[in-house]
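The next block holds one structure in the form of structure tokens; read it before the comments.
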Amino acid sequence: MNPYAFLSLFASIVTLFLGNFIYYKNPKNRLNQLIAVLCFLVAYLSFVNFSLRNADSYQTAYLWLKASVLWPLMSPIVLTIVLTATKNRFSTNKVFLTLIYIPSILISLLQVTSNQLTINIMVMEYWGWTSSLNLSSPFLYLTMIWIFLIITVSIVLCYSYYRKTRGLEKQQTLYILLGLIFAVIVSLITDTIIPLLSIEFPGMVYFAAALGVLFISYGVSQYKLPSLTPEIAADEIVSTIKSFLIMTDDNNEIKYVNPAGLNLLGQSYSEISGEHIESVLPNFGNQKNLTLEGNISVKNFETLLKDKNGNEIPVLLSTSVITKKSSLIGVLYVGTDISERKIVERKRKALSKQTIKRQSVLLELYKEDISNPEATLKRLTETDSKTLDVDRVNVWFFNEDKSFLECSDMYLSNEGHQRSELKIEAKSCRKYLETLKRSHNLTAMDAQTDPKTSEFSDYLKPHSIISLMDVPIWLHGEMVGILCHEQIQNRREWTFEEQDFAASISYMISLSLETHERELAQRQIIESLEEKEVLLREIHHRVKNNMQIISSLLNLQSSTLKTKEMRDIFRESQNRIKSMSMIHEQLYQSKDIAKIDFGIYVTNLIKSLFQIYSGTSRQVEWNVVSDKIEMDIETALPCGLILNELVSNSLKHAFNGSEGKIRVKIIRDTDIIKVEVGDNGSGLPEKVQLETTSTLGLKLVDILVKQLEGELEIDRENGTCFTIRFRELNYGDRL
């Protein structure tokens, strides 16, 4: 057999097989049908070309030449395939399709009835019988132009569609495009360019067309170009869903488990197929043979799934019976692994219990006598260590000139209180002290490598300190000491609740120091018979303490609330109580119990707010500029509440975790007091007006400004700035 004839026979067999394969892949799909027609046409023409090259006589070869009359139909079929694959609106336009097929039909008739395209003289070449193109006929060139135009349009449409699609559709279009380009290039070289150059070479157009169809067919089979069906989509969904899925027959024997289920069980399908459902869902082991009447679908109930190793996994399960023609054929089990959710729930419950326990401890501590600082320190450090489960808790105080920090009390969880004569030079840890003053607490999970505590390497390593949490101790607005929590057995990450508890213990140490100072002062006052002033100071102190108790009760109550909104409302109420409490605190500390230094009050108030909102204020700086202004309680209370609301509002809403600055300026011009509170945050929206706002904080600001008989201005450029002008309220003398 002529080897060139064999190539044509091979191309015919391959395309015949491909056409049959693609058609039966999805016989109802138009694109499948068109590709199958193209395959059958190429198979027919390849077989004709095989017979022509292998003919044993001139007459036989001539007959086979005339039998190739259908070759002009290839190009319009290719264009129709491209129009359909690219979802072009002309793919179903009958008038347009008729217009592109008519010229090809006329070309076929012209080849049968005349020699306008080929010379009717057969020549035997080394590849078999062939005929030459009629290069003198204008119809030949018109035919070539027509076919070139059709193929060019097909390639351009296919490439344009390839550029604008993605995913699976893009891959499908790529293979159609490659098939077209390959067939065109090979055909152009072997059947046009080489003959025009008078070089003897066998034409490869049908072999090239067969390879082009092979590209298209590969795209169809590999990427399921035209064969997307509901069954395929369902299989894909079931195999990729994250929930596990198990199907059993009416005897409770497992017939299918999706990949997610196999992964959760740690088994292969062959290991689990045919097993009873009780092997993976023990709670279903007592089921007898299923009946349609006795089994109702159940949704979303918790049960246990048993894996390959016998471990029980908590799952949220739904069951549904599978029926066909009113007959029960099986059960579908769909579920989700809820192990992580269970862990979170256990942690949340444990955290809630811990919070309640800590608040109860604080309330009990508030009831105890704290007038003796030495005894109070021992009691508080021991309670702190046991409540937070900390290896070592100690308290450091500055010496008189603040050049040294000296350890005043140390409690070890396994050894009790220890005598310590440790000292740390203040100038050796300036960066640490500044950070502690600014952030109001300092935590380090790996203290020996953390840059915030690197200055303490000479202290940390010898004492085997791994993690630490330090809280400053304040007295009269100044940091006088530090409450230290040191972990020496294991690394620890400190929670917000633990930091809050430590801050409360630090506050109680401050209260103890204040109480001790106050008792000393009271003795001196009593000795000087200044009873009236003593009584007034005690009233303010008791009011302050009562307010602190109210704040603690609110804090305890808030731990039982489930929603963050309600907890935030309680915390805001605590802040307002504390802002009033601080005025009474400063009054009983002042030399003149009738007035307070408002600048000092504002500084202490802002420090307190930054400590409360330490989670959102770590990157926020603040600055207070104040004239020396003495203010009575009637004016200081509403003004303090206004400052509390405005600064709290900035900390909560202005920065969203980013860096920023809050500034407070208080000046007196004759009898007018001017207070400015501003930030460089995101700014107050224009739609927010104090007169109509539903926000309690801003509404309270508006009410308090009116109570002060003052004026309020809001500047919304470069953040938000509130300016309040008022005169000090003047009440009559009281008995």
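Chain lettering (A, B, ...) mirrors the order of the structure tokens, residue numbering begins at 1 for each chain separately, and ligand numbering begins at 1 in order of display.
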
Which residues come within 12 Å of Val624 in chain A, counting only C-alpha atoms, excluding same-chain residues fewer than 2 positions away, as a PDB file with N, CA and C atoms, in the first residue's frame?
ATOM      1  N   PHE A 598      -9.121  71.867  87.901  1.00  0.00           N
ATOM      2  CA  PHE A 598      -9.771  71.157  86.807  1.00  0.00           C
ATOM      3  C   PHE A 598      -8.760  70.570  85.823  1.00  0.00           C
ATOM      4  N   GLY A 599      -7.616  71.188  85.644  1.00  0.00           N
ATOM      5  CA  GLY A 599      -6.599  70.656  84.737  1.00  0.00           C
ATOM      6  C   GLY A 599      -6.089  69.300  85.194  1.00  0.00           C
ATOM      7  N   ILE A 600      -5.821  69.162  86.510  1.00  0.00           N
ATOM      8  CA  ILE A 600      -5.371  67.871  87.055  1.00  0.00           C
ATOM      9  C   ILE A 600      -6.472  66.827  86.913  1.00  0.00           C
ATOM     10  N   TYR A 601      -7.713  67.245  87.171  1.00  0.00           N
ATOM     11  CA  TYR A 601      -8.847  66.323  87.036  1.00  0.00           C
ATOM     12  C   TYR A 601      -8.944  65.772  85.617  1.00  0.00           C
ATOM     13  N   VAL A 602      -8.818  66.670  84.623  1.00  0.00           N
ATOM     14  CA  VAL A 602      -8.933  66.239  83.218  1.00  0.00           C
ATOM     15  C   VAL A 602      -7.829  65.241  82.878  1.00  0.00           C
ATOM     16  N   THR A 603      -6.606  65.513  83.334  1.00  0.00           N
ATOM     17  CA  THR A 603      -5.485  64.594  83.066  1.00  0.00           C
ATOM     18  C   THR A 603      -5.767  63.210  83.654  1.00  0.00           C
ATOM     19  N   ASN A 604      -6.244  63.166  84.900  1.00  0.00           N
ATOM     20  CA  ASN A 604      -6.549  61.882  85.532  1.00  0.00           C
ATOM     21  C   ASN A 604      -7.699  61.170  84.824  1.00  0.00           C
ATOM     22  N   LEU A 605      -8.709  61.943  84.411  1.00  0.00           N
ATOM     23  CA  LEU A 605      -9.854  61.354  83.720  1.00  0.00           C
ATOM     24  C   LEU A 605      -9.418  60.688  82.420  1.00  0.00           C
ATOM     25  N   ILE A 606      -8.580  61.381  81.650  1.00  0.00           N
ATOM     26  CA  ILE A 606      -8.145  60.819  80.357  1.00  0.00           C
ATOM     27  C   ILE A 606      -7.257  59.598  80.581  1.00  0.00           C
ATOM     28  N   LYS A 607      -6.394  59.634  81.598  1.00  0.00           N
ATOM     29  CA  LYS A 607      -5.589  58.451  81.904  1.00  0.00           C
ATOM     30  C   LYS A 607      -6.491  57.258  82.203  1.00  0.00           C
ATOM     31  N   GLU A 621      -2.271  58.763  70.876  1.00  0.00           N
ATOM     32  CA  GLU A 621      -1.610  59.671  71.805  1.00  0.00           C
ATOM     33  C   GLU A 621      -2.613  60.705  72.306  1.00  0.00           C
ATOM     34  N   TRP A 622      -2.315  61.307  73.443  1.00  0.00           N
ATOM     35  CA  TRP A 622      -3.203  62.345  73.952  1.00  0.00           C
ATOM     36  C   TRP A 622      -2.382  63.470  74.549  1.00  0.00           C
ATOM     37  N   SER A 626      -3.950  73.086  79.803  1.00  0.00           N
ATOM     38  CA  SER A 626      -4.970  73.689  80.658  1.00  0.00           C
ATOM     39  C   SER A 626      -4.384  74.853  81.453  1.00  0.00           C
ATOM     40  N   ASP A 627      -5.196  75.915  81.549  1.00  0.00           N
ATOM     41  CA  ASP A 627      -4.869  77.004  82.473  1.00  0.00           C
ATOM     42  C   ASP A 627      -5.116  76.520  83.905  1.00  0.00           C
ATOM     43  N   LEU A 643     -16.641  65.860  79.067  1.00  0.00           N
ATOM     44  CA  LEU A 643     -15.315  65.395  78.628  1.00  0.00           C
ATOM     45  C   LEU A 643     -15.276  63.868  78.543  1.00  0.00           C
ATOM     46  N   VAL A 647     -14.288  62.224  74.878  1.00  0.00           N
ATOM     47  CA  VAL A 647     -13.046  61.443  74.750  1.00  0.00           C
ATOM     48  C   VAL A 647     -13.366  59.969  74.514  1.00  0.00           C
ATOM     49  N   LYS A 661      -4.409  61.003  67.448  1.00  0.00           N
ATOM     50  CA  LYS A 661      -4.100  61.866  68.588  1.00  0.00           C
ATOM     51  C   LYS A 661      -5.381  62.532  69.071  1.00  0.00           C
ATOM     52  N   ILE A 662      -5.527  62.601  70.375  1.00  0.00           N
ATOM     53  CA  ILE A 662      -6.649  63.304  71.004  1.00  0.00           C
ATOM     54  C   ILE A 662      -6.067  64.486  71.785  1.00  0.00           C
ATOM     55  N   ARG A 663      -6.636  65.657  71.594  1.00  0.00           N
ATOM     56  CA  ARG A 663      -6.135  66.863  72.266  1.00  0.00           C
ATOM     57  C   ARG A 663      -7.261  67.517  73.067  1.00  0.00           C
ATOM     58  N   VAL A 664      -6.928  68.002  74.256  1.00  0.00           N
ATOM     59  CA  VAL A 664      -7.887  68.705  75.120  1.00  0.00           C
ATOM     60  C   VAL A 664      -7.239  70.021  75.544  1.00  0.00           C
ATOM     61  N   LYS A 665      -7.974  71.112  75.363  1.00  0.00           N
ATOM     62  CA  LYS A 665      -7.452  72.435  75.702  1.00  0.00           C
ATOM     63  C   LYS A 665      -8.504  73.163  76.554  1.00  0.00           C
ATOM     64  N   ILE A 666      -8.065  73.681  77.718  1.00  0.00           N
ATOM     65  CA  ILE A 666      -8.980  74.385  78.628  1.00  0.00           C
ATOM     66  C   ILE A 666      -8.345  75.734  78.971  1.00  0.00           C
ATOM     67  N   ILE A 667      -9.023  76.806  78.598  1.00  0.00           N
ATOM     68  CA  ILE A 667      -8.489  78.144  78.883  1.00  0.00           C
ATOM     69  C   ILE A 667      -9.602  79.013  79.477  1.00  0.00           C
ATOM     70  N   VAL A 675     -13.539  75.173  76.538  1.00  0.00           N
ATOM     71  CA  VAL A 675     -13.057  73.789  76.531  1.00  0.00           C
ATOM     72  C   VAL A 675     -13.105  73.267  75.100  1.00  0.00           C
ATOM     73  N   GLU A 676     -11.954  72.779  74.597  1.00  0.00           N
ATOM     74  CA  GLU A 676     -11.874  72.189  73.253  1.00  0.00           C
ATOM     75  C   GLU A 676     -11.457  70.724  73.382  1.00  0.00           C
ATOM     76  N   VAL A 677     -12.221  69.829  72.727  1.00  0.00           N
ATOM     77  CA  VAL A 677     -11.890  68.407  72.664  1.00  0.00           C
ATOM     78  C   VAL A 677     -11.866  68.012  71.192  1.00  0.00           C
ATOM     79  N   GLY A 678     -10.705  67.622  70.687  1.00  0.00           N
ATOM     80  CA  GLY A 678     -10.581  67.324  69.257  1.00  0.00           C
ATOM     81  C   GLY A 678      -9.747  66.086  69.002  1.00  0.00           C
TER      82      GLY A 678
END

- Task: Mind checking which residues fall within 6 Å of Ile254 in chain A, counting only C-alpha atoms, ignoring those fewer than 5 positions away in the same chain, and posting them as a ChimeraX atom specification?
- Result: /A:247-248,273-275

Problem - Exercise: Val701 in chain A partners within 9 Å, only C-alpha atoms, chain neighbours under 5 positions left out, as a ChimeraX atom specification - result: /A:638,641-643,645-646,690,696,706

* Determine, counting only C-alpha atoms, which protein, DNA and RNA residues have an atom within 8 Å of an atom of range 304-308 of chain A; residues of the same chain fewer than 5 positions away are not included. Present the result as a PyMOL selection string. => chain A and resi 264-267+279-283+313-315

Neighbour list for Tyr507 in chain A as a list in words, cut-off 7 Å, only C-alpha atoms, skip fewer than 4 positions in-chain
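Contacts, in chain order: Ile473, Ala503 and Leu511 of chain A.
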
So that I can check the surroundings of Ser413 in chain A, please list as a PDB file with N, CA and C atoms, in the first residue's frame every protein, DNA and RNA residue that reaches within 8 Å of it, counting only C-alpha atoms and ignoring chain neighbours fewer than 4 positions away.
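After the write, selection08.pdb holds the following:
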ATOM      1  N   GLU A 382      -1.373  37.397  97.074  1.00  0.00           N
ATOM      2  CA  GLU A 382      -1.744  35.985  97.190  1.00  0.00           C
ATOM      3  C   GLU A 382      -3.048  35.698  96.444  1.00  0.00           C
ATOM      4  N   SER A 385      -2.427  35.849  92.625  1.00  0.00           N
ATOM      5  CA  SER A 385      -1.747  34.664  92.118  1.00  0.00           C
ATOM      6  C   SER A 385      -2.678  33.460  92.026  1.00  0.00           C
ATOM      7  N   LYS A 386      -3.485  33.250  93.050  1.00  0.00           N
ATOM      8  CA  LYS A 386      -4.383  32.090  93.067  1.00  0.00           C
ATOM      9  C   LYS A 386      -5.529  32.252  92.075  1.00  0.00           C
ATOM     10  N   ASP A 389      -3.949  32.106  88.577  1.00  0.00           N
ATOM     11  CA  ASP A 389      -3.058  30.960  88.423  1.00  0.00           C
ATOM     12  C   ASP A 389      -1.712  31.406  87.843  1.00  0.00           C
ATOM     13  N   VAL A 390      -1.094  32.381  88.520  1.00  0.00           N
ATOM     14  CA  VAL A 390       0.196  32.927  88.103  1.00  0.00           C
ATOM     15  C   VAL A 390       1.278  32.385  89.018  1.00  0.00           C
ATOM     16  N   ASP A 391       2.427  32.023  88.431  1.00  0.00           N
ATOM     17  CA  ASP A 391       3.508  31.428  89.215  1.00  0.00           C
ATOM     18  C   ASP A 391       4.036  32.374  90.295  1.00  0.00           C
ATOM     19  N   ARG A 392       4.209  33.673  89.938  1.00  0.00           N
ATOM     20  CA  ARG A 392       4.788  34.613  90.905  1.00  0.00           C
ATOM     21  C   ARG A 392       4.177  35.996  90.698  1.00  0.00           C
TER      22      ARG A 392
END

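Using only C-alpha atoms, the smallest distance between any of A:Ala444, A:Ile107, A:Val184, A:Ala209 and Cys39 in chain A comes from A:Ala209.
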
Report as a short mmCIF file (atom, residue, chain, number, x, y, z; two decimals) with C-alpha atoms, in the first residue's frame all protein, DNA and RNA residues lying within 8 Å of range 552-556 of chain A, evaluated on only C-alpha atoms, omitting residues in the same chain fewer than 2 positions from it.
data_model
loop_
_atom_site.label_atom_id
_atom_site.label_comp_id
_atom_site.auth_asym_id
_atom_site.auth_seq_id
_atom_site.Cartn_x
_atom_site.Cartn_y
_atom_site.Cartn_z
CA ILE A 356 -17.87 35.50 87.56
CA GLN A 359 -15.76 39.60 90.00
CA SER A 360 -16.88 37.79 93.14
CA LEU A 363 -16.38 42.30 95.58
CA GLN A 548 -16.86 52.65 92.92
CA ILE A 549 -19.05 49.94 94.48
CA ILE A 550 -21.86 50.83 92.06
CA SER A 558 -22.40 42.95 82.81
CA SER A 559 -20.64 39.57 82.99
CA THR A 560 -24.06 37.87 82.85
CA PHE A 570 -22.96 49.01 81.11
CA ARG A 571 -19.31 49.95 80.53
CA GLN A 574 -19.39 52.76 84.60
#

Going by DSSP on the backbone, which residues of range 66-190 of chain A come out as helix (DSSP H, G or I)? List them as an MDAnalysis selection string.
chainID A and resid 66:85 89:92 94:113 138:164 168:190

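Nearest to Leu433 in chain A of all the residues A:Ser46, A:Thr453, A:Ser339, A:Gln171 is A:Thr453, based on only C-alpha atoms.
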
Check the DSSP output for the backbone and give back, as a PDB file with C-alpha atoms, in the first residue's frame, the residues of range 87-206 of chain A in strand (DSSP E).
ATOM      1  CA  VAL A 123      -1.027  12.241 -13.266  1.00  0.00           C
ATOM      2  CA  MET A 124       0.682   9.413 -11.368  1.00  0.00           C
ATOM      3  CA  GLU A 125       3.126  10.835  -8.796  1.00  0.00           C
ATOM      4  CA  GLY A 128      -0.305   8.240  -6.093  1.00  0.00           C
ATOM      5  CA  TRP A 129      -2.758   9.689  -8.599  1.00  0.00           C
ATOM      6  CA  THR A 130      -3.281  13.469  -8.531  1.00  0.00           C
TER       7      THR A 130
END

note - CA of Ser650 in chain A and CA of Asp702 in chain A are separated by 16.5 Å

Between A:Thr98, A:Ile246, A:Phe726, A:Asn644, which one has atoms that come closest to His276 in chain A, using only C-alpha atoms?
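Ranked by minimum distance to His276 in chain A, first place goes to A:Ile246.
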
| query | With only C-alpha atoms as the basis for distance, which of A:Gln59, A:Asn441, A:Asn93, A:Ser154 is at the shortest distance from Thr173 in chain A? | reply |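 That would be A:Ser154, the residue with the smallest distance to Thr173 in chain A.
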
Restricting to only C-alpha atoms, whichever of A:Glu717, A:Glu415, A:Glu271, A:Asp446 is closest to Arg492 in chain A is A:Asp446

Tell me, in Å to one decimal, how far CA of Asp56 in chain A is from CA of Ala183 in chain A.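 It comes out at 29.5 Å.
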